[in-house]
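Chemist: Contents of coords.cif (mmCIF, C-alpha atoms) are below:
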data_structure
loop_
_atom_site.label_atom_id
_atom_site.label_comp_id
_atom_site.auth_asym_id
_atom_site.auth_seq_id
_atom_site.Cartn_x
_atom_site.Cartn_y
_atom_site.Cartn_z
CA MET A 1 15.26 -7.88 18.10
CA THR A 2 12.72 -10.61 17.40
CA SER A 3 9.97 -8.05 17.75
CA ILE A 4 11.54 -5.81 15.14
CA LEU A 5 11.87 -8.75 12.80
CA ILE A 6 8.24 -9.77 13.23
CA ARG A 7 7.00 -6.18 12.95
CA ALA A 8 8.94 -5.69 9.73
CA ILE A 9 7.37 -8.83 8.27
CA ILE A 10 3.87 -7.77 9.33
CA LEU A 11 4.28 -4.29 7.91
CA TYR A 12 5.80 -5.64 4.73
CA PHE A 13 2.77 -7.84 4.12
CA LEU A 14 0.52 -4.93 4.99
CA LEU A 15 2.21 -2.86 2.29
CA VAL A 16 2.00 -5.67 -0.25
CA VAL A 17 -1.71 -6.10 0.43
CA THR A 18 -2.31 -2.36 0.27
CA MET A 19 -0.40 -1.89 -2.99
CA ARG A 20 -2.14 -4.89 -4.45
CA ALA A 21 -5.51 -3.52 -3.40
CA MET A 22 -4.67 -0.23 -5.05
CA GLY A 23 -4.41 -1.90 -8.42
CA LYS A 24 -1.87 -2.77 -11.11
CA ARG A 25 -1.49 0.81 -12.28
CA GLN A 26 0.41 1.71 -9.15
CA LEU A 27 3.15 -0.70 -10.12
CA GLY A 28 3.64 1.07 -13.43
CA GLN A 29 2.76 4.66 -14.04
CA PHE A 30 1.52 6.76 -11.17
CA GLN A 31 -1.11 9.39 -11.18
CA PRO A 32 -0.04 12.27 -8.91
CA TYR A 33 -2.28 11.27 -6.02
CA GLU A 34 -1.07 7.68 -6.31
CA PHE A 35 2.57 8.79 -6.24
CA VAL A 36 1.91 10.77 -3.08
CA MET A 37 0.33 7.76 -1.48
CA VAL A 38 3.27 5.49 -2.25
CA MET A 39 5.75 7.99 -0.84
CA LEU A 40 3.73 8.51 2.32
CA ILE A 41 3.19 4.82 2.95
CA ALA A 42 6.92 4.12 2.95
CA ASN A 43 7.53 6.81 5.55
CA LEU A 44 4.59 5.83 7.71
CA VAL A 45 5.70 2.26 8.24
CA ALA A 46 9.39 3.07 8.74
CA THR A 47 9.16 4.14 12.40
CA PRO A 48 6.93 1.36 13.78
CA MET A 49 8.97 -1.12 11.80
CA SER A 50 12.17 -0.34 13.63
CA ASP A 51 11.01 1.19 16.92
CA VAL A 52 9.48 -1.40 19.22
CA SER A 53 8.16 1.26 21.61
CA THR A 54 5.89 2.60 18.88
CA PRO A 55 2.69 0.55 18.64
CA LEU A 56 2.23 -1.33 15.38
CA LEU A 57 -1.19 0.27 15.07
CA HIS A 58 0.58 3.63 14.63
CA GLY A 59 1.76 2.30 11.27
CA VAL A 60 -1.30 0.25 10.37
CA LEU A 61 -3.95 2.91 10.93
CA PRO A 62 -2.34 5.67 8.83
CA VAL A 63 -1.86 3.16 5.99
CA ALA A 64 -5.53 2.21 6.33
CA ALA A 65 -6.48 5.89 6.25
CA LEU A 66 -4.47 6.44 3.08
CA TYR A 67 -6.08 3.41 1.49
CA ILE A 68 -9.55 4.73 2.34
CA VAL A 69 -8.78 8.13 0.84
CA HIS A 70 -7.21 6.55 -2.22
CA ALA A 71 -10.18 4.24 -2.76
CA LEU A 72 -12.57 7.16 -2.35
CA ILE A 73 -10.70 9.27 -4.89
CA THR A 74 -10.56 6.34 -7.29
CA LEU A 75 -14.29 5.69 -6.99
CA LEU A 76 -15.23 9.35 -7.34
CA SER A 77 -12.87 9.74 -10.31
CA LEU A 78 -14.67 6.88 -12.05
CA ARG A 79 -17.94 8.69 -11.60
CA SER A 80 -16.90 12.24 -12.35
CA ASP A 81 -14.82 13.40 -15.30
CA ARG A 82 -14.39 16.83 -13.74
CA LEU A 83 -13.04 15.40 -10.52
CA ARG A 84 -10.72 13.11 -12.41
CA ALA A 85 -9.41 16.06 -14.42
CA LEU A 86 -9.01 18.07 -11.23
CA ILE A 87 -7.10 15.37 -9.33
CA SER A 88 -5.18 13.63 -12.08
CA GLY A 89 -4.98 16.34 -14.67
CA LYS A 90 -5.66 15.95 -18.37
CA PRO A 91 -3.39 14.76 -21.15
CA SER A 92 -1.97 17.55 -23.29
CA VAL A 93 -1.17 17.35 -26.97
CA ILE A 94 2.33 18.70 -27.47
CA ILE A 95 2.83 17.73 -31.12
CA SER A 96 -0.10 17.88 -33.47
CA ARG A 97 0.10 17.11 -37.19
CA GLY A 98 3.88 17.09 -36.88
CA VAL A 99 3.97 20.63 -35.46
CA ILE A 100 5.38 21.21 -31.98
CA GLN A 101 2.85 23.16 -29.91
CA GLN A 102 5.11 25.79 -28.40
CA LYS A 103 2.40 27.38 -26.24
CA GLU A 104 1.57 24.02 -24.72
CA LEU A 105 5.23 23.33 -24.01
CA LYS A 106 5.49 26.65 -22.23
CA ARG A 107 2.34 25.98 -20.22
CA LEU A 108 3.66 22.62 -19.15
CA CYS A 109 7.11 24.05 -18.41
CA LEU A 110 8.60 21.54 -20.78
CA THR A 111 11.84 22.27 -22.56
CA VAL A 112 12.59 21.07 -26.06
CA SER A 113 15.17 18.75 -24.49
CA ASP A 114 12.43 17.16 -22.39
CA LEU A 115 10.34 16.72 -25.52
CA MET A 116 13.25 15.13 -27.41
CA GLU A 117 13.87 12.79 -24.52
CA GLY A 118 10.21 11.78 -24.47
CA LEU A 119 10.23 11.16 -28.21
CA ARG A 120 13.32 8.99 -27.99
CA MET A 121 11.74 6.98 -25.18
CA ALA A 122 8.77 6.45 -27.45
CA GLY A 123 11.11 5.09 -30.12
CA ILE A 124 11.18 8.18 -32.34
CA LEU A 125 14.71 9.38 -33.00
CA ASP A 126 13.99 12.17 -35.46
CA PRO A 127 11.42 14.75 -34.27
CA ALA A 128 10.45 15.24 -37.91
CA GLU A 129 9.01 11.73 -37.83
CA ALA A 130 6.64 12.48 -34.94
CA GLY A 131 3.05 12.95 -36.04
CA THR A 132 1.42 13.28 -32.63
CA ALA A 133 2.84 13.44 -29.13
CA VAL A 134 0.89 13.62 -25.90
CA MET A 135 2.01 14.43 -22.40
CA GLU A 136 -0.09 12.16 -20.23
CA ALA A 137 -1.51 13.12 -16.84
CA ASN A 138 1.16 11.07 -15.09
CA GLY A 139 3.96 13.03 -16.78
CA THR A 140 5.04 10.51 -19.40
CA ILE A 141 5.21 11.43 -23.05
CA THR A 142 3.65 9.13 -25.60
CA ALA A 143 4.43 9.73 -29.24
CA PHE A 144 3.29 8.30 -32.53
CA PRO A 145 5.04 8.53 -35.88
CA ASP A 146 3.59 10.40 -38.78
CA SER A 147 1.52 8.04 -40.93
CA ARG A 148 3.91 8.53 -43.87
CA ARG A 149 6.86 7.41 -41.80
CA ARG A 150 5.57 4.39 -40.01
CA PRO A 151 5.48 0.84 -41.34
CA PRO A 152 2.30 0.04 -43.26
CA THR A 153 -0.34 -1.95 -41.45
CA ALA A 154 -1.66 -5.28 -42.70
CA GLU A 155 -4.99 -3.63 -43.53
CA GLU A 156 -3.27 -1.02 -45.69
CA MET A 157 -1.56 -3.82 -47.56
CA ASN A 158 -4.84 -5.68 -47.95
CA LEU A 159 -3.60 -8.55 -45.84
CA ALA A 160 -5.65 -10.51 -43.33
CA PRO A 161 -3.23 -11.86 -40.74
CA GLY A 162 -6.00 -13.15 -38.49
CA TYR A 163 -6.63 -12.53 -34.85
CA GLU A 164 -3.55 -12.09 -32.66
CA GLY A 165 -4.46 -12.55 -29.06
CA MET A 166 -2.68 -13.61 -25.89
CA PRO A 167 -0.63 -16.78 -26.32
CA MET A 168 -1.46 -19.36 -23.69
CA ILE A 169 1.42 -20.60 -21.60
CA LEU A 170 0.76 -24.30 -21.18
CA ILE A 171 3.93 -25.41 -19.38
CA MET A 172 6.24 -23.37 -17.21
CA ASP A 173 9.38 -24.96 -15.84
CA GLY A 174 7.97 -28.46 -16.23
CA ARG A 175 4.66 -27.61 -14.58
CA VAL A 176 1.43 -27.72 -16.60
CA GLN A 177 -0.65 -24.56 -16.23
CA ILE A 178 -4.03 -26.20 -15.74
CA HIS A 179 -5.91 -22.92 -15.66
CA ASN A 180 -4.55 -21.85 -19.05
CA LEU A 181 -5.15 -25.30 -20.47
CA THR A 182 -8.79 -25.11 -19.36
CA THR A 183 -9.17 -21.59 -20.76
CA ALA A 184 -7.82 -22.80 -24.10
CA GLN A 185 -10.23 -25.77 -23.91
CA LEU A 186 -7.39 -28.20 -24.37
CA GLU A 187 -6.80 -31.38 -22.45
CA GLU A 188 -3.79 -32.69 -20.60
CA LYS A 189 -3.94 -35.94 -22.59
CA TRP A 190 -3.79 -34.00 -25.83
CA LEU A 191 -0.81 -32.03 -24.48
CA ASP A 192 1.05 -35.16 -23.39
CA ARG A 193 0.34 -36.76 -26.78
CA THR A 194 1.57 -33.70 -28.65
CA LEU A 195 4.76 -33.62 -26.59
CA ALA A 196 5.31 -37.36 -27.04
CA ASP A 197 4.99 -36.92 -30.81
CA ARG A 198 7.85 -34.47 -30.54
CA GLY A 199 9.94 -36.86 -28.50
CA THR A 200 9.64 -35.10 -25.17
CA ASP A 201 7.42 -34.93 -22.10
CA ARG A 202 6.13 -32.27 -19.77
CA LYS A 203 8.92 -32.63 -17.21
CA ASN A 204 11.51 -32.00 -19.91
CA VAL A 205 9.82 -28.85 -21.19
CA PHE A 206 10.99 -25.52 -19.81
CA LEU A 207 8.42 -23.39 -21.63
CA CYS A 208 5.52 -24.32 -23.86
CA SER A 209 3.04 -21.86 -25.32
CA ILE A 210 0.38 -21.85 -28.00
CA ASP A 211 -0.71 -18.74 -29.87
CA THR A 212 -4.07 -17.75 -31.31
CA GLN A 213 -3.07 -19.14 -34.69
CA GLY A 214 -2.62 -22.57 -33.15
CA ARG A 215 1.17 -22.52 -33.38
CA MET A 216 2.96 -24.14 -30.48
CA THR A 217 6.40 -23.05 -29.36
CA LEU A 218 8.29 -25.09 -26.87
CA GLN A 219 11.73 -25.00 -25.39
CA ASP A 220 13.08 -28.03 -23.61
CA ARG A 221 15.59 -28.12 -20.80
CA GLU A 222 18.44 -28.69 -23.22
CA GLY A 223 17.63 -25.40 -24.92
CA ASN A 224 16.14 -26.90 -28.07
CA ILE A 225 13.30 -24.85 -29.51
CA MET A 226 10.49 -26.35 -31.57
CA GLN A 227 7.72 -24.52 -33.38
CA PHE A 228 4.92 -26.30 -35.16
CA GLN A 229 1.24 -26.10 -35.91
CA ALA A 230 -0.38 -27.86 -32.94
CA ILE A 231 -4.00 -27.12 -33.80
CA ALA A 232 -5.72 -25.49 -36.74
CA ALA A 233 -6.26 -21.73 -36.45
CA GLY A 234 -9.99 -22.27 -36.64
CA GLU A 235 -9.89 -24.54 -33.58
CA VAL A 236 -8.49 -21.83 -31.31
CA LYS A 237 -11.16 -21.04 -28.77
CA TRP A 238 -9.83 -18.08 -26.75
CA MET B 1 -15.51 -1.00 -8.53
CA ARG B 2 -17.84 -2.79 -6.20
CA MET B 3 -14.95 -4.65 -4.57
CA THR B 4 -13.14 -1.33 -4.08
CA LEU B 5 -16.22 0.20 -2.47
CA VAL B 6 -16.78 -2.79 -0.22
CA SER B 7 -13.15 -2.99 0.84
CA MET B 8 -13.01 0.75 1.43
CA LEU B 9 -16.06 0.61 3.69
CA ALA B 10 -14.73 -2.45 5.50
CA VAL B 11 -11.38 -0.81 6.18
CA ALA B 12 -13.07 2.44 7.23
CA LEU B 13 -15.34 0.55 9.62
CA LEU B 14 -12.44 -1.40 11.10
CA ALA B 15 -10.34 1.74 11.49
CA GLY B 16 -13.24 3.53 13.14
CA CYS B 17 -13.78 0.66 15.57
CA ILE B 18 -10.08 0.61 16.49
CA CYS B 19 -10.12 4.37 17.09
CA CYS B 20 -13.24 4.14 19.29
CA PHE B 21 -11.83 1.18 21.18
CA SER B 22 -8.55 2.99 21.75
CA LEU B 23 -10.26 6.14 23.02
CA THR B 24 -12.57 4.28 25.40
CA ARG B 25 -9.82 2.11 26.86
CA ILE B 26 -7.46 5.00 27.39
CA GLU B 27 -10.24 7.05 28.93
CA ARG B 28 -11.14 4.22 31.28
CA ALA B 29 -7.52 3.67 32.27
CA THR B 30 -6.85 7.35 32.89
CA VAL B 31 -10.09 7.82 34.86
CA GLU B 32 -9.32 4.82 37.06
CA ILE B 33 -5.70 5.73 37.74
CA ASP B 34 -6.43 9.40 38.25
CA GLY B 35 -9.25 8.48 40.61
CA MET B 36 -6.82 6.38 42.63
CA ARG B 37 -4.34 9.25 42.58
CA MET B 38 -6.95 11.58 44.05
CA GLU B 39 -7.77 9.02 46.74
CA VAL B 40 -4.09 8.83 47.69
CA LEU B 41 -3.92 12.61 47.99
CA GLU B 42 -7.07 12.68 50.12
CA LEU B 43 -5.62 10.03 52.41
CA ILE B 44 -2.46 12.08 52.80
CA ASP B 45 -4.54 15.18 53.55
CA ALA B 46 -6.46 13.14 56.15
CA ASP B 47 -3.11 12.21 57.71
CA ARG B 48 -3.39 8.52 56.86
CA PRO B 49 -0.04 7.83 55.20
CA HIS B 50 -0.13 4.07 55.74
CA GLU B 51 -3.41 3.70 53.87
CA ALA B 52 -2.14 6.13 51.25
CA ARG B 53 0.84 3.84 50.63
CA GLU B 54 -1.46 0.84 50.32
CA ARG B 55 -3.54 2.73 47.82
CA LEU B 56 -0.44 3.77 45.94
CA ARG B 57 0.66 0.16 45.68
CA GLY B 58 -2.79 -0.76 44.43
CA MET B 59 -2.43 2.01 41.84
CA ALA B 60 0.92 0.57 40.73
CA GLU B 61 -0.63 -2.87 40.28
CA ALA B 62 -3.61 -1.46 38.41
CA TRP B 63 -1.33 0.52 36.15
CA SER B 64 0.80 -2.56 35.52
CA ARG B 65 -2.32 -4.35 34.23
CA TRP B 66 -3.38 -1.40 32.12
CA GLU B 67 0.11 -1.10 30.67
CA GLN B 68 -0.16 -4.53 29.08
CA GLU B 69 -3.24 -3.47 27.17
CA LEU B 70 -2.27 0.11 26.43
CA ALA B 71 1.13 -0.93 25.04
CA VAL B 72 -0.71 -1.84 21.84
CA LEU B 73 -2.28 1.60 21.57
CA VAL B 74 0.12 4.14 23.04
CA PRO B 75 3.87 4.84 22.69
CA HIS B 76 5.67 3.02 25.46
CA ASP B 77 7.62 6.02 26.78
CA MET B 78 4.37 7.62 27.94
CA LEU B 79 3.41 4.45 29.78
CA HIS B 80 6.83 4.08 31.36
CA GLU B 81 6.75 7.72 32.45
CA ILE B 82 3.53 7.17 34.37
CA ALA B 83 4.87 3.96 35.90
CA GLY B 84 8.03 5.81 36.89
CA LEU B 85 6.08 8.61 38.57
CA ILE B 86 4.01 6.14 40.59
CA ILE B 87 7.18 4.44 41.82
CA GLU B 88 8.76 7.81 42.55
CA GLY B 89 5.70 8.86 44.54
CA ASP B 90 5.83 5.65 46.56
CA ALA B 91 9.52 6.14 47.29
CA ASN B 92 8.96 9.76 48.37
CA LEU B 93 6.10 8.74 50.62
CA GLU B 94 8.14 6.00 52.19
CA ALA B 95 10.96 8.49 52.84
CA GLY B 96 8.43 10.88 54.37
CA ASP B 97 9.27 13.60 51.84
CA LEU B 98 5.84 15.14 51.30
CA ASP B 99 7.03 17.99 49.11
CA ASP B 100 8.57 15.61 46.59
CA PHE B 101 5.61 13.29 46.96
CA ASN B 102 3.17 16.08 46.09
CA ARG B 103 5.34 17.05 43.14
CA SER B 104 5.36 13.44 41.89
CA MET B 105 1.59 13.20 42.24
CA ALA B 106 1.13 16.51 40.42
CA MET B 107 3.35 15.34 37.58
CA LEU B 108 1.57 12.01 37.54
CA GLY B 109 -1.76 13.79 37.18
CA GLU B 110 -0.34 15.83 34.34
CA ALA B 111 1.07 12.75 32.61
CA ILE B 112 -2.28 10.94 32.89
CA ARG B 113 -4.10 13.99 31.55
CA HIS B 114 -1.58 14.29 28.71
CA LEU B 115 -2.06 10.62 27.82
CA TYR B 116 -5.79 11.14 27.44
CA GLU B 117 -5.55 14.51 25.71
CA GLU B 118 -3.17 13.07 23.08
CA GLU B 119 -5.69 10.40 22.22
CA ARG B 120 -8.72 12.67 21.98
CA PRO B 121 -9.65 13.76 18.47
CA GLN B 122 -9.26 17.51 18.88
CA LEU B 123 -8.01 20.32 16.71
CA ASN B 124 -4.75 20.74 18.69
CA ASN B 125 -3.78 17.17 17.95
CA ILE B 126 -4.79 17.31 14.30
CA LEU B 127 -2.91 20.54 13.63
#
Could I get this structure in the form of structure tokens?
Modeler:
Amino acid sequence: MTSILIRAIILYFLLVVTMRAMGKRQLGQFQPYEFVMVMLIANLVATPMSDVSTPLLHGVLPVAALYIVHALITLLSLRSDRLRALISGKPSVIISRGVIQQKELKRLCLTVSDLMEGLRMAGILDPAEAGTAVMEANGTITAFPDSRRRPPTAEEMNLAPGYEGMPMILIMDGRVQIHNLTTAQLEEKWLDRTLADRGTDRKNVFLCSIDTQGRMTLQDREGNIMQFQAIAAGEVKW
Amino acid sequence: MRMTLVSMLAVALLAGCICCFSLTRIERATVEIDGMRMEVLELIDADRPHEARERLRGMAEAWSRWEQELAVLVPHDMLHEIAGLIIEGDANLEAGDLDDFNRSMAMLGEAIRHLYEEERPQLNNIL
């Protein structure tokens, strides 16, 4: 029994390391060869995990082999567009200029219902609003509204909203995120001072973030939310 | 990209080393045990059953040592099968039943051969 427990833990960590090594994409949308790999890995570790008479290496080595093949395909795909198209396929435009490409739907064996479902998942309720829709290599449909039916952009309205980048999380659950603070070129003393000015301290803060316009948002443990200009927009350094 | 290439090569190298290590150890174990098996049979043919039993016991001890190591590389039922056949052979020899003894030794030889053949990288095993 203990052996099964330990083997399960070992194989679990092996899978975590392998999936992590494969990259973030695997956690989201799979390419076909990645999907195959994930399915195979689960089956390969199942037997050695529960059957003590099967050597652990009989689970480890096949997983290693799959990782090698996956890494090889990934590297070759980076180098060769043809190989990438062959292994992963190419995206296909299924709506162009608002017109549904019927031949493409037929080629992809997609029904109109599938298309409607894809459009709804992309946030487009009325197919008449879709300007362009693409079926990606991993099978998902991405769709974009017609330019006449989408909200105007800031540029079209001659507005200059400024750069909108990643907000920096400075405090999470009372703990200062030193790495983010350093990236933002801000100091702990400045943070403590800013919090003190607002009548709180780091331990009492559940979440504190600062955006690329210098606006700080913080929520304390009592659920109170404060938003204020912590630094000038021009002083933002990330 | 470089990290992927390096890690791929490292894993490939490690996997290759494990495969080579496994093959050499299993080959060594099977050669040793099969060699002892042949010696036992020769001693029986030379009408020296007492020495044959001693040799058989030595084979059991040797296999017991090899089992510890091979348990990491080979499914345990195969190892237990070989151990069982050695014990069976010893029991048959002690009882003076040479027909059953010869059968046990033949099956033992087959089991040892099977153990090695399963490990070898050959088309039968791949397909």
Chemist: Evaluating the PyMOL selection byres ((chain A) within 8 of (chain B)) on the displayed file yields which residues, as a compact mmCIF listing (two decimals) with C-alpha atoms, in the frame of the given file?
Modeler:
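The resulting file, out-v4.txt, is shown below:
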# COMPACT_ATOMS: atom_id res chain seq x y z
CA ALA A 21 -5.51 -3.52 -3.40
CA SER A 53 8.16 1.26 21.61
CA THR A 54 5.89 2.60 18.88
CA PRO A 55 2.69 0.55 18.64
CA LEU A 56 2.23 -1.33 15.38
CA LEU A 57 -1.19 0.27 15.07
CA HIS A 58 0.58 3.63 14.63
CA LEU A 61 -3.95 2.91 10.93
CA ALA A 64 -5.53 2.21 6.33
CA ALA A 65 -6.48 5.89 6.25
CA TYR A 67 -6.08 3.41 1.49
CA ILE A 68 -9.55 4.73 2.34
CA ALA A 71 -10.18 4.24 -2.76
CA LEU A 72 -12.57 7.16 -2.35
CA LEU A 75 -14.29 5.69 -6.99
Chemist: Pick from A:Val112, A:Ala137, A:Leu105, A:Ala8: nearest to Tyr33 (chain A), with all atoms listed in the file counted?
Modeler: A:Ala137
Chemist: Which residues would end up in the selection if the PyMOL selection byres ((chain A and resi 228) around 9) were applied here, given that I need the answer as a list in words?
Modeler: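 Applied to this file, the PyMOL selection byres ((chain A and resi 228) around 9) selects Gly214, Arg215, Met216, Thr217, Met226, Gln227, Gln229 and Ala230 of chain A.
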Chemist: Set up a box along x, y and z of the file covering all listed atoms of region 101-118 of chain B, add 4 Å on every one of the six sides, and write the centre and edge lengths in Å to one decimal, as AutoDock Vina command-line options.
Modeler:
--center_x -0.1 --center_y 13.8 --center_z 35.0 --size_x 19.4 --size_y 14.4 --size_z 31.9
Chemist: As a check of understanding, name the residues that the PyMOL selection byres ((chain A and resi 118) around 8) selects in the supplied structure, as a PyMOL selection string.
Modeler: chain A and resi 114-117+119-122+140-143
Chemist: Given the selection you just returned, output its residues as a file containing C-alpha atoms, formatted as a PDB file, keeping the file's coordinate frame.
Modeler:
ATOM      1  CA  ASP A 114      12.430  17.160 -22.390  1.00  0.00           C
ATOM      2  CA  LEU A 115      10.340  16.720 -25.520  1.00  0.00           C
ATOM      3  CA  MET A 116      13.250  15.130 -27.410  1.00  0.00           C
ATOM      4  CA  GLU A 117      13.870  12.790 -24.520  1.00  0.00           C
ATOM      5  CA  LEU A 119      10.230  11.160 -28.210  1.00  0.00           C
ATOM      6  CA  ARG A 120      13.320   8.990 -27.990  1.00  0.00           C
ATOM      7  CA  MET A 121      11.740   6.980 -25.180  1.00  0.00           C
ATOM      8  CA  ALA A 122       8.770   6.450 -27.450  1.00  0.00           C
ATOM      9  CA  THR A 140       5.040  10.510 -19.400  1.00  0.00           C
ATOM     10  CA  ILE A 141       5.210  11.430 -23.050  1.00  0.00           C
ATOM     11  CA  THR A 142       3.650   9.130 -25.600  1.00  0.00           C
ATOM     12  CA  ALA A 143       4.430   9.730 -29.240  1.00  0.00           C
TER      13      ALA A 143
END
Chemist: Which residues come within 6 Å of region 218-221 of chain A, counting all atoms listed in the file, excluding same-chain residues fewer than 5 positions away, as a list in words?
Modeler: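 Listing them by chain and then by number gives Asn204, Val205, Phe206, Leu207, Cys208 and Met226 of chain A.
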Chemist: Expressed in Å to a single decimal, how great is the separation between CA of Asp90 (chain B) and CA of Arg53 (chain B)?
Modeler: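 CA of Arg53 (chain B) lies at a distance of 6.7 Å from CA of Asp90 (chain B).
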Chemist: Excluding Ser147 (chain A) and residues on its chain fewer than 3 positions from it, collect all residues at most 10 Å away from it, counting all atoms listed in the file, and give them as an mmCIF file with C-alpha atoms, keeping the file's coordinate frame.
Modeler:
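Dumped to result30.cif:
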data_model
loop_
_atom_site.group_PDB
_atom_site.id
_atom_site.type_symbol
_atom_site.label_atom_id
_atom_site.label_comp_id
_atom_site.auth_asym_id
_atom_site.auth_seq_id
_atom_site.Cartn_x
_atom_site.Cartn_y
_atom_site.Cartn_z
ATOM 1 C CA ARG A 97 0.100 17.110 -37.190
ATOM 2 C CA GLU A 129 9.010 11.730 -37.830
ATOM 3 C CA ALA A 130 6.640 12.480 -34.940
ATOM 4 C CA GLY A 131 3.050 12.950 -36.040
ATOM 5 C CA THR A 132 1.420 13.280 -32.630
ATOM 6 C CA PHE A 144 3.290 8.300 -32.530
ATOM 7 C CA ARG A 150 5.570 4.390 -40.010
ATOM 8 C CA PRO A 151 5.480 0.840 -41.340
ATOM 9 C CA PRO A 152 2.300 0.040 -43.260
#
Chemist: If you measure from CA of Ala106 (chain B) to CA of Arg65 (chain B), what distance in Å do you get, rounded to one decimal?
Modeler: 22.0 Å
Chemist: Counting only C-alpha atoms, which of A:Pro161, A:Ser77, A:Leu170, A:His179 gets nearest to Ala233 (chain A)?
Modeler: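 Of all the options, A:Pro161 lies closest to Ala233 (chain A).
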Chemist: Of the candidates B:Ile44, B:Ile112, B:Leu98, B:Leu123, which one gets nearest to Thr30 (chain B) if we count all atoms listed in the file?
Modeler: B:Ile112
Chemist: Between CA of Leu86 (chain A) and CA of Val36 (chain A), what distance in Å does the model show, to one decimal?
Modeler: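 Going from CA of Leu86 (chain A) over to CA of Val36 (chain A), I get 15.5 Å.
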